[in-house]
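Visitor: Sharing target32.cif, mmCIF, C-alpha atoms:
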```cif
data_target
loop_
_atom_site.label_atom_id
_atom_site.label_comp_id
_atom_site.auth_asym_id
_atom_site.auth_seq_id
_atom_site.Cartn_x
_atom_site.Cartn_y
_atom_site.Cartn_z
CA MET H 1 0.00 0.00 0.00
CA SER H 2 1.37 3.45 -0.87
CA ASP H 3 2.29 5.80 1.94
CA ILE H 4 -0.62 8.10 1.03
CA ARG H 5 -3.13 5.27 1.02
CA GLU H 6 -1.80 4.01 4.33
CA LYS H 7 -2.05 7.42 5.96
CA CYS H 8 -5.55 8.06 4.57
CA THR H 9 -6.62 4.67 5.90
CA LYS H 10 -5.16 5.55 9.28
CA VAL H 11 -7.12 8.82 9.45
CA MET H 12 -10.39 7.21 8.41
CA SER H 13 -9.88 4.24 10.69
CA LYS H 14 -9.41 6.61 13.63
CA VAL H 15 -12.24 9.02 12.80
CA PHE H 16 -14.83 6.34 12.04
CA GLU H 17 -13.49 3.86 14.62
CA VAL H 18 -13.26 1.00 12.15
CA ASP H 19 -10.58 -1.53 11.40
CA ALA H 20 -8.28 -0.52 8.54
CA SER H 21 -9.12 -3.77 6.77
CA ARG H 22 -12.64 -2.42 6.13
CA ILE H 23 -11.33 0.48 4.07
CA ASN H 24 -10.76 0.13 0.33
CA ASP H 25 -11.22 2.16 -2.87
CA GLU H 26 -14.99 1.68 -2.88
CA THR H 27 -15.45 2.66 0.76
CA SER H 28 -18.04 5.42 0.96
CA PRO H 29 -20.80 6.67 3.31
CA ASP H 30 -22.95 4.05 1.60
CA SER H 31 -20.74 1.13 2.61
CA LEU H 32 -19.49 2.43 5.97
CA PRO H 33 -22.34 3.04 8.43
CA GLN H 34 -20.14 5.10 10.73
CA TRP H 35 -19.37 7.64 7.97
CA ASP H 36 -21.83 10.46 8.58
CA SER H 37 -21.65 14.18 7.81
CA LEU H 38 -20.31 15.03 11.27
CA GLY H 39 -17.56 12.44 10.93
CA HIS H 40 -16.85 13.65 7.41
CA VAL H 41 -15.81 17.06 8.73
CA GLN H 42 -13.49 15.41 11.27
CA MET H 43 -12.05 13.23 8.52
CA VAL H 44 -11.18 16.23 6.33
CA LEU H 45 -9.56 18.03 9.27
CA GLY H 46 -7.63 14.86 10.06
CA LEU H 47 -6.38 14.57 6.47
CA GLU H 48 -5.23 18.19 6.48
CA LYS H 49 -3.26 17.57 9.67
CA MET H 50 -1.81 14.25 8.52
CA PHE H 51 -0.52 15.63 5.21
CA SER H 52 0.02 19.30 6.21
CA ILE H 53 -2.22 20.46 3.38
CA LYS H 54 -5.27 22.67 2.98
CA ILE H 55 -8.52 21.25 1.67
CA SER H 56 -11.11 23.95 0.97
CA PRO H 57 -14.64 23.43 2.33
CA GLU H 58 -15.94 23.11 -1.23
CA GLU H 59 -13.34 20.42 -2.04
CA GLY H 60 -13.82 18.71 1.29
CA ILE H 61 -17.53 18.02 1.02
CA ASP H 62 -17.09 16.30 -2.35
CA LEU H 63 -14.67 13.64 -1.06
CA GLU H 64 -17.20 10.82 -0.95
CA THR H 65 -15.10 7.71 -1.56
CA PHE H 66 -11.74 6.49 -0.33
CA LYS H 67 -10.44 6.59 -3.92
CA MET H 68 -11.49 10.24 -4.31
CA ILE H 69 -9.73 11.07 -1.06
CA VAL H 70 -6.49 9.37 -2.13
CA ASP H 71 -6.63 11.03 -5.57
CA CYS H 72 -7.14 14.43 -3.94
CA ILE H 73 -4.25 13.97 -1.53
CA GLU H 74 -1.95 12.70 -4.29
CA LYS H 75 -2.68 15.81 -6.38
CA LYS H 76 -2.12 18.14 -3.46
CA THR H 77 1.14 16.53 -2.39
CA GLU H 78 2.56 16.14 -5.93
CA ASN H 79 4.81 19.12 -5.58
CA MET T 1 -39.89 1.64 1.86
CA PRO T 2 -42.84 -0.07 3.65
CA ILE T 3 -43.16 2.61 6.33
CA LEU T 4 -44.01 5.16 3.64
CA ALA T 5 -46.64 3.01 1.92
CA ASN T 6 -49.45 5.23 3.22
CA TYR T 7 -47.56 8.46 2.57
CA PRO T 8 -47.07 8.48 -1.21
CA ASN T 9 -46.08 12.12 -1.61
CA LEU T 10 -43.43 11.94 1.09
CA ALA T 11 -42.24 8.66 -0.43
CA LYS T 12 -41.67 10.32 -3.82
CA VAL T 13 -39.50 13.06 -2.33
CA VAL T 14 -37.58 10.58 -0.14
CA SER T 15 -36.93 8.32 -3.12
CA SER T 16 -35.57 11.22 -5.15
CA ILE T 17 -33.30 12.41 -2.33
CA GLU T 18 -31.97 8.91 -1.66
CA ARG T 19 -31.01 8.44 -5.32
CA LYS T 20 -28.92 11.59 -5.22
CA SER T 21 -27.14 11.59 -1.86
CA MET T 22 -25.51 8.83 0.18
CA PHE T 23 -25.37 10.97 3.32
CA GLN T 24 -29.02 11.92 3.10
CA LYS T 25 -30.08 8.36 2.30
CA LYS T 26 -28.42 7.24 5.51
CA ALA T 27 -29.80 10.10 7.59
CA ILE T 28 -33.35 9.65 6.31
CA LYS T 29 -33.23 5.89 6.93
CA LYS T 30 -32.25 6.59 10.55
CA LEU T 31 -34.96 9.25 10.85
CA LEU T 32 -37.70 7.00 9.50
CA GLU T 33 -36.69 4.12 11.78
CA GLY T 34 -37.75 6.25 14.75
CA ALA T 35 -40.71 8.00 13.08
CA ASP T 36 -44.15 7.99 14.68
CA SER T 37 -47.48 8.59 12.96
CA ASN T 38 -47.54 12.27 14.04
CA TYR T 39 -44.33 12.84 12.13
CA LEU T 40 -45.44 10.92 9.04
CA VAL T 41 -48.79 12.71 8.87
CA PHE T 42 -47.08 16.09 9.29
CA ALA T 43 -44.44 15.32 6.67
CA GLU T 44 -46.95 14.04 4.11
CA ASP T 45 -49.20 17.05 4.68
CA LEU T 46 -46.30 19.47 4.24
CA VAL T 47 -45.17 17.83 0.99
CA VAL T 48 -48.74 17.99 -0.33
CA ARG T 49 -49.02 21.67 0.56
CA LEU T 50 -45.60 22.52 -0.84
CA ASN T 51 -46.60 20.69 -4.01
CA LYS T 52 -49.50 23.17 -4.39
CA VAL T 53 -47.20 26.10 -3.65
CA ILE T 54 -44.49 25.06 -6.10
CA ASP T 55 -46.96 24.01 -8.79
CA ARG T 56 -44.50 22.33 -11.16
CA SER T 57 -44.83 19.09 -13.11
CA ASP T 58 -41.55 17.91 -11.51
CA SER T 59 -42.27 19.24 -8.03
CA TYR T 60 -41.12 16.18 -6.07
CA GLU T 61 -37.83 16.13 -7.95
CA TYR T 62 -37.52 19.88 -7.46
CA MET T 63 -38.14 19.58 -3.70
CA ALA T 64 -35.39 16.97 -3.50
CA VAL T 65 -32.94 19.05 -5.53
CA ALA T 66 -33.69 22.22 -3.53
CA TYR T 67 -33.24 20.30 -0.27
CA LEU T 68 -29.90 18.87 -1.37
CA LYS T 69 -28.72 22.28 -2.60
CA TYR T 70 -29.57 23.76 0.78
CA THR T 71 -27.90 20.95 2.74
CA LYS T 72 -24.81 21.17 0.55
CA SER T 73 -24.46 24.88 1.31
CA ILE T 74 -24.76 24.09 5.03
CA ARG T 75 -22.10 21.37 4.79
CA VAL T 76 -19.70 23.77 3.08
CA GLU T 77 -20.16 26.32 5.86
CA GLU T 78 -19.87 23.61 8.52
CA MET T 79 -16.50 22.67 7.05
CA TYR T 80 -15.43 26.34 7.12
CA PHE T 81 -16.65 26.73 10.71
CA ALA T 82 -14.81 23.61 11.86
CA LYS T 83 -11.56 25.05 10.54
CA GLU T 84 -11.96 28.73 11.38
CA HIS T 85 -14.31 28.62 14.44
CA LYS T 86 -16.29 31.55 13.07
CA TYR T 87 -19.01 32.17 10.52
CA ARG T 88 -17.72 33.10 7.09
CA TYR T 89 -19.75 36.30 6.69
CA HIS T 90 -20.16 39.13 9.18
CA GLU T 91 -21.80 41.94 7.25
CA TYR T 92 -25.51 42.00 6.52
CA SER T 93 -24.78 43.63 3.18
CA ASP T 94 -22.77 40.54 2.11
CA VAL T 95 -25.54 38.05 2.89
CA TYR T 96 -28.19 40.34 1.43
CA LYS T 97 -26.26 40.43 -1.82
CA ARG T 98 -25.54 36.66 -1.80
CA VAL T 99 -28.99 35.46 -0.79
CA TYR T 100 -31.95 37.76 -0.06
CA SER T 101 -31.69 40.04 -3.08
CA ARG T 102 -31.74 37.13 -5.56
CA ASP T 103 -35.32 35.99 -6.12
CA GLU T 104 -34.53 32.78 -8.01
CA TYR T 105 -31.87 31.78 -5.48
CA MET T 106 -34.21 32.60 -2.60
CA TYR T 107 -36.91 30.39 -4.08
CA ASP T 108 -34.62 27.35 -4.05
CA TYR T 109 -33.37 28.40 -0.61
CA VAL T 110 -36.78 28.63 1.08
CA VAL T 111 -38.02 25.40 -0.52
CA GLY T 112 -34.86 23.65 0.69
CA LEU T 113 -35.26 25.19 4.13
CA CYS T 114 -38.90 24.08 4.24
CA MET T 115 -37.79 20.52 3.52
CA THR T 116 -35.49 20.63 6.55
CA GLN T 117 -38.60 20.88 8.74
CA ILE T 118 -39.26 17.31 7.61
CA PHE T 119 -35.80 15.84 7.29
CA TRP T 120 -33.84 17.44 10.13
CA PRO T 121 -34.94 16.02 13.49
CA ASN T 122 -33.99 19.23 15.31
CA HIS T 123 -36.09 21.38 13.02
CA TYR T 124 -39.03 19.00 13.32
CA GLY T 125 -38.57 19.13 17.11
CA ILE T 126 -39.05 22.88 16.96
CA VAL T 127 -42.16 22.51 14.82
CA ARG T 128 -43.60 20.17 17.45
CA PHE T 129 -42.72 22.61 20.25
CA PHE T 130 -44.53 25.31 18.26
CA LEU T 131 -47.62 23.19 17.60
CA ASP T 132 -47.84 21.39 20.94
CA VAL T 133 -46.73 24.08 23.40
CA PHE T 134 -46.91 27.54 21.82
CA ILE T 135 -50.15 27.31 19.84
CA PRO T 136 -52.25 26.15 22.85
CA LYS T 137 -50.79 29.04 24.85
CA VAL T 138 -51.99 31.65 22.34
CA LYS T 139 -55.17 29.99 21.05
CA ASN T 140 -57.39 32.89 22.13
CA CYS T 141 -55.22 35.62 20.65
CA THR T 142 -56.24 37.74 17.70
CA VAL T 143 -53.36 39.99 16.60
CA GLY T 144 -50.08 38.52 15.44
CA ALA T 145 -47.02 39.11 13.29
CA GLU T 146 -44.06 37.23 11.98
CA VAL T 147 -40.70 38.65 10.93
CA GLY T 148 -38.69 36.63 8.45
CA VAL T 149 -41.58 34.50 7.19
CA GLY T 150 -39.37 32.40 4.91
CA HIS T 151 -41.26 29.35 3.63
CA GLY T 152 -44.44 30.23 5.53
CA LEU T 153 -44.87 26.96 7.43
CA PHE T 154 -45.08 28.51 10.92
CA HIS T 155 -47.27 31.37 9.80
CA SER T 156 -49.68 29.11 7.96
CA GLU T 157 -49.91 26.82 11.01
CA LEU T 158 -50.55 29.81 13.29
CA LEU T 159 -53.47 30.90 11.13
CA ARG T 160 -54.70 27.33 10.68
CA TRP T 161 -54.99 26.57 14.40
CA ILE T 162 -56.15 29.99 15.61
CA PRO T 163 -59.13 30.93 13.42
CA GLU T 164 -59.63 34.37 15.01
CA MET T 165 -56.03 35.44 14.38
CA LYS T 166 -55.19 38.20 11.92
CA THR T 167 -51.57 38.81 11.14
CA THR T 168 -48.86 40.90 9.56
CA LEU T 169 -46.12 39.23 7.53
CA ILE T 170 -42.79 41.04 7.42
CA ASP T 171 -39.81 40.03 5.31
CA ILE T 172 -37.03 41.70 3.37
CA SER T 173 -37.54 39.25 0.51
CA PRO T 174 -40.59 39.79 -1.73
CA MET T 175 -40.21 36.17 -2.80
CA SER T 176 -40.59 34.93 0.79
CA LEU T 177 -43.70 37.05 1.22
CA LYS T 178 -45.17 35.55 -1.96
CA MET T 179 -44.30 32.00 -0.96
CA THR T 180 -45.76 32.43 2.52
CA GLN T 181 -49.01 33.73 1.07
CA LYS T 182 -49.16 30.70 -1.22
CA MET T 183 -48.47 28.40 1.75
CA ILE T 184 -51.29 30.09 3.68
CA SER T 185 -53.65 29.63 0.72
CA ALA T 186 -52.56 26.00 0.41
CA ASN T 187 -53.88 25.56 3.96
CA GLY T 188 -57.27 26.79 2.74
CA ILE T 189 -56.92 30.06 4.67
CA ASP T 190 -58.41 33.32 3.44
CA LEU T 191 -55.69 35.82 2.60
CA SER T 192 -57.86 38.67 3.87
CA ARG T 193 -56.62 37.65 7.32
CA ILE T 194 -53.09 38.83 6.55
CA VAL T 195 -51.20 41.94 5.54
CA ALA T 196 -47.79 41.54 3.90
CA LYS T 197 -45.10 44.18 4.37
CA GLU T 198 -41.71 44.17 2.71
CA CYS T 199 -39.13 45.86 4.91
CA ASP T 200 -35.76 45.59 6.62
CA VAL T 201 -36.53 45.52 10.35
CA GLN T 202 -33.03 46.78 11.08
CA LYS T 203 -34.13 50.09 9.53
CA GLN T 204 -37.82 50.31 10.39
CA ILE T 205 -40.56 48.21 11.94
CA LEU T 206 -43.97 48.76 10.37
CA ILE T 207 -45.98 47.68 13.42
CA GLU T 208 -47.58 49.82 16.11
CA ASP T 209 -46.22 49.81 19.65
CA GLU T 210 -48.00 47.55 22.18
CA SER T 211 -50.19 46.03 19.48
CA LEU T 212 -49.21 42.37 19.30
CA ASP T 213 -50.65 39.38 21.13
CA VAL T 214 -48.38 37.02 19.21
CA LEU T 215 -45.01 37.45 17.52
CA LEU T 216 -43.00 34.85 15.63
CA LEU T 217 -39.26 35.48 15.42
CA GLY T 218 -38.04 32.18 14.04
CA GLU T 219 -34.49 31.77 12.77
CA LEU T 220 -34.19 35.53 12.32
CA ILE T 221 -31.69 36.94 14.76
CA GLU T 222 -28.67 35.03 13.53
CA HIS T 223 -29.17 36.64 10.11
CA LEU T 224 -28.99 40.20 11.43
CA GLN T 225 -26.16 42.53 12.23
CA GLU T 226 -28.36 44.55 14.61
CA GLY T 227 -30.02 41.53 16.21
CA GLU T 228 -30.12 42.84 19.76
CA ALA T 229 -31.51 46.21 18.71
CA VAL T 230 -34.23 44.48 16.70
CA LEU T 231 -35.13 42.29 19.69
CA SER T 232 -35.42 45.39 21.88
CA SER T 233 -37.55 47.18 19.31
CA PHE T 234 -39.91 44.25 19.05
CA ALA T 235 -40.32 44.11 22.81
CA ASN T 236 -42.01 47.51 22.42
CA LYS T 237 -44.46 46.05 19.92
CA MET T 238 -45.87 43.48 22.36
CA LYS T 239 -48.92 43.80 24.54
CA GLN T 240 -48.14 43.15 28.20
CA ASN T 241 -49.65 39.66 28.12
CA GLY T 242 -48.44 38.79 24.61
CA TYR T 243 -46.12 35.91 23.71
CA CYS T 244 -43.31 35.54 21.24
CA PHE T 245 -42.07 32.30 19.70
CA PHE T 246 -38.35 32.74 19.32
CA THR T 247 -35.86 30.39 17.69
CA THR T 248 -32.19 30.54 16.87
CA ALA T 249 -29.17 28.25 17.15
CA ILE T 250 -25.66 28.04 18.52
CA ASN T 251 -22.72 26.99 16.37
CA ALA T 252 -24.93 26.92 13.29
CA PRO T 253 -22.92 27.90 10.24
CA ALA T 254 -24.89 28.81 7.14
CA GLU T 255 -24.23 31.01 4.13
CA ASP T 256 -26.43 33.76 5.58
CA HIS T 257 -25.71 33.48 9.30
CA ILE T 258 -23.70 36.37 10.67
CA LEU T 259 -24.47 36.46 14.40
CA LEU T 260 -22.67 33.60 16.14
CA PHE T 261 -23.92 32.31 19.48
CA SER T 262 -21.48 29.86 21.05
CA THR T 263 -23.49 29.01 24.16
CA ILE T 264 -27.11 28.95 25.28
CA SER T 265 -26.22 31.52 27.95
CA GLU T 266 -25.32 34.02 25.23
CA ILE T 267 -28.81 33.67 23.78
CA ARG T 268 -30.48 33.99 27.17
CA ASP T 269 -28.38 37.03 28.05
CA MET T 270 -29.27 38.78 24.80
CA LEU T 271 -32.96 38.11 25.37
CA GLY T 272 -32.67 39.48 28.91
CA ARG T 273 -30.85 42.62 27.80
CA SER T 274 -33.52 43.21 25.15
CA GLY T 275 -36.32 43.24 27.68
CA TRP T 276 -37.62 39.69 27.29
CA LYS T 277 -38.45 37.06 29.89
CA ILE T 278 -38.10 33.36 29.03
CA HIS T 279 -41.01 31.08 29.91
CA GLU T 280 -40.21 27.76 28.29
CA GLU T 281 -37.31 26.43 26.28
CA HIS T 282 -36.63 23.63 23.86
CA PHE T 283 -33.22 22.35 22.72
CA GLY T 284 -32.22 20.11 19.83
CA THR T 285 -28.71 18.63 19.66
CA LEU T 286 -26.97 16.26 17.28
CA ASN T 287 -26.56 12.53 17.82
CA GLY T 288 -28.09 12.63 21.31
CA MET T 289 -25.31 14.72 22.85
CA SER T 290 -26.09 16.99 25.82
CA VAL T 291 -26.16 20.76 25.43
CA LYS T 292 -22.96 20.98 27.48
CA GLU T 293 -21.21 18.44 25.24
CA ALA T 294 -22.39 20.36 22.17
CA GLU T 295 -21.14 23.68 23.54
CA LYS T 296 -17.77 22.16 24.50
CA GLY T 297 -17.33 20.54 21.07
CA LYS T 298 -18.64 23.62 19.22
CA HIS T 299 -21.49 21.58 17.76
CA ASN T 300 -24.89 22.83 16.72
CA VAL T 301 -27.76 23.24 19.17
CA ASN T 302 -31.13 24.41 17.88
CA TYR T 303 -32.88 26.64 20.42
CA ALA T 304 -36.52 27.63 20.78
CA SER T 305 -38.25 29.53 23.54
CA ILE T 306 -41.54 31.14 24.44
CA ILE T 307 -40.81 34.65 25.66
CA SER T 308 -42.75 37.67 26.83
CA LEU T 309 -42.25 41.03 28.51
#
```
Mind converting the file's structure to structure tokens?
Guide:
Amino acid sequence: MSDIREKCTKVMSKVFEVDASRINDETSPDSLPQWDSLGHVQMVLGLEKMFSIKISPEEGIDLETFKMIVDCIEKKTEN
Amino acid sequence: MPILANYPNLAKVVSSIERKSMFQKKAIKKLLEGADSNYLVFAEDLVVRLNKVIDRSDSYEYMAVAYLKYTKSIRVEEMYFAKEHKYRYHEYSDVYKRVYSRDEYMYDYVVGLCMTQIFWPNHYGIVRFFLDVFIPKVKNCTVGAEVGVGHGLFHSELLRWIPEMKTTLIDISPMSLKMTQKMISANGIDLSRIVAKECDVQKQILIEDESLDVLLLGELIEHLQEGEAVLSSFANKMKQNGYCFFTTAINAPAEDHILLFSTISEIRDMLGRSGWKIHEEHFGTLNGMSVKEAEKGKHNVNYASIISL
């Protein structure tokens, strides 16, 4: 697993209190009962802290799958 | 969804929302699991009435889209608030320009907001407090007003349950005034019972002093720059034995909220300074947390109270 994927998994696992093994590309609020809108905010804040990046509110609310999250982080950390 | 079998109009809106949003699908499922018949009857009735108000061939789809547009705007501001610990906008002129001055935008906004009375447990809780506690208290009153009529649900219910009541509608948005009048008509109520006045209550209040038995100030104060001054001014408009139904919220980011309350005490203090006495209160928190937990974690609490001089 890439470093980014591993760190994203760590953040989500902590915020949603689920085992990392339950998180994969298709993981979404649909497949993870614990993923609600309140937790979503905490997840975005956690990702910002983990990667020392800024995710705008408009970007943040659209991150609705694990794959989208990883793609976003990869783009933001490219440079 | 079997629970909605007897509520076909509500079912159509729910189905449309669920197709479009994973978060809302989950939230509505949880809501309906705990729903009683009072809620389902209310929700169905409101969808039917709103259908008459909107009067479009795709009205259920439109209600769903408007609701999701509104909730998306809230989620964006919630994200901002979580990072910055303040509301994004502070000047009334900014929110007037962004929201109230745009008729088409306001239309979507008030329809979306109306839908939250069905789909947000805290907002429905306030509706119940209004219907079950406030209305019985003022059932013999005859002169009322509402400032910030919005979608018209509360005003239309006031007139529906108190047949002798005549009222004044006040709003800065001509679109809100129109929608409220349609909502009142959709309840089968004669519009001769109301007078509609378009004005900014921060500049002038077109109501006589000591004239009101009943005043509705729902979700108004957090939208105003001069909130406390407006509250004081409206205290002068009440009869001595009149009652006001007042609602606001703490830690409630929205694209047109400018006055931030961080604790319930701040709300109570402002009411006290403005000349009001609190009789009864109602609180709605998220995920069953206590008010104290919500204040500590800077989470939303919806607040309603019955106040008087």
Visitor: Which residue gives the smallest distance to chain H among T:Tyr109, T:Leu177, T:Asp94, T:Lys298, with all atoms listed in the file counted?
Guide: T:Lys298
Visitor: Give me the residues within 9 Å of T:Glu18 as a list in words, counting all atoms listed in the file and dropping any in the same chain fewer than 6 places off.
Guide: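 The residues satisfying every condition are Gln24, Lys25, Lys26, Ile28 and Ala64 of chain T.
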Visitor: Take the PyMOL selection byres ((chain T) within 8 of (chain H)), apply it to the structure above, and return the hits as a VMD selection string.
Guide: chain T and resid 22 to 23 26 72 75 to 80 82 to 83
Visitor: To verify the selection step, state as a list of chain:residue names which residues the PyMOL selection byres ((chain T and resi 280) around 7) yields on this input.
Guide: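 Selection result, ordered by chain and number: T:Ile278, T:His279, T:Glu281, T:Ser305, T:Ile306.
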Visitor: Selection from above, C-alpha atoms, as a JSON list (two decimals), in the frame of the given file, can you write it?
Guide:
```json
[["chain", "number", "residue", "atom", "x", "y", "z"],
["T", 278, "ILE", "CA", -38.10, 33.36, 29.03],
["T", 279, "HIS", "CA", -41.01, 31.08, 29.91],
["T", 281, "GLU", "CA", -37.31, 26.43, 26.28],
["T", 305, "SER", "CA", -38.25, 29.53, 23.54],
["T", 306, "ILE", "CA", -41.54, 31.14, 24.44]]
```
Visitor: When the PyMOL selection byres ((chain H and resi 8) around 10) is applied to the file above, which residues end up in the set, as a list in words?
Guide: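 Going through the file, the PyMOL selection byres ((chain H and resi 8) around 10) ends up selecting Ser2, Asp3, Ile4, Arg5, Glu6, Lys7, Thr9, Lys10, Val11, Met12, Ser13, Lys14, Ala20, Ile23, Met43, Gly46, Leu47, Met50, Phe51, Phe66, Lys67, Ile69, Val70 and Ile73 of chain H.
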Visitor: When you look at H:Gly39 with a cut-off of 8 Å (counting only C-alpha atoms), what residues show up, excluding the ones that are within fewer than 5 positions of it in the same chain? I need them as number ranges by chain.
Guide: H: 15-16, 34
Visitor: Can I get the residues of stretch 101-203 of chain T within 8 Å of stretch 42-60 of chain T, each with the closest pair of atoms and their distance in Å to one decimal, using all atoms listed in the file, sorted chain first then ascending number, as JSON lines?
Guide:
```
{"residue": "T:Ile118", "atom": "CA", "partner": "T:Ala43", "partner_atom": "CA", "distance": 5.6}
{"residue": "T:Met179", "atom": "CA", "partner": "T:Val53", "partner_atom": "CA", "distance": 7.1}
{"residue": "T:Lys182", "atom": "CA", "partner": "T:Val53", "partner_atom": "CA", "distance": 5.6}
{"residue": "T:Met183", "atom": "CA", "partner": "T:Val53", "partner_atom": "CA", "distance": 6.0}
{"residue": "T:Ala186", "atom": "CA", "partner": "T:Arg49", "partner_atom": "CA", "distance": 5.6}
{"residue": "T:Asn187", "atom": "CA", "partner": "T:Arg49", "partner_atom": "CA", "distance": 7.1}
```
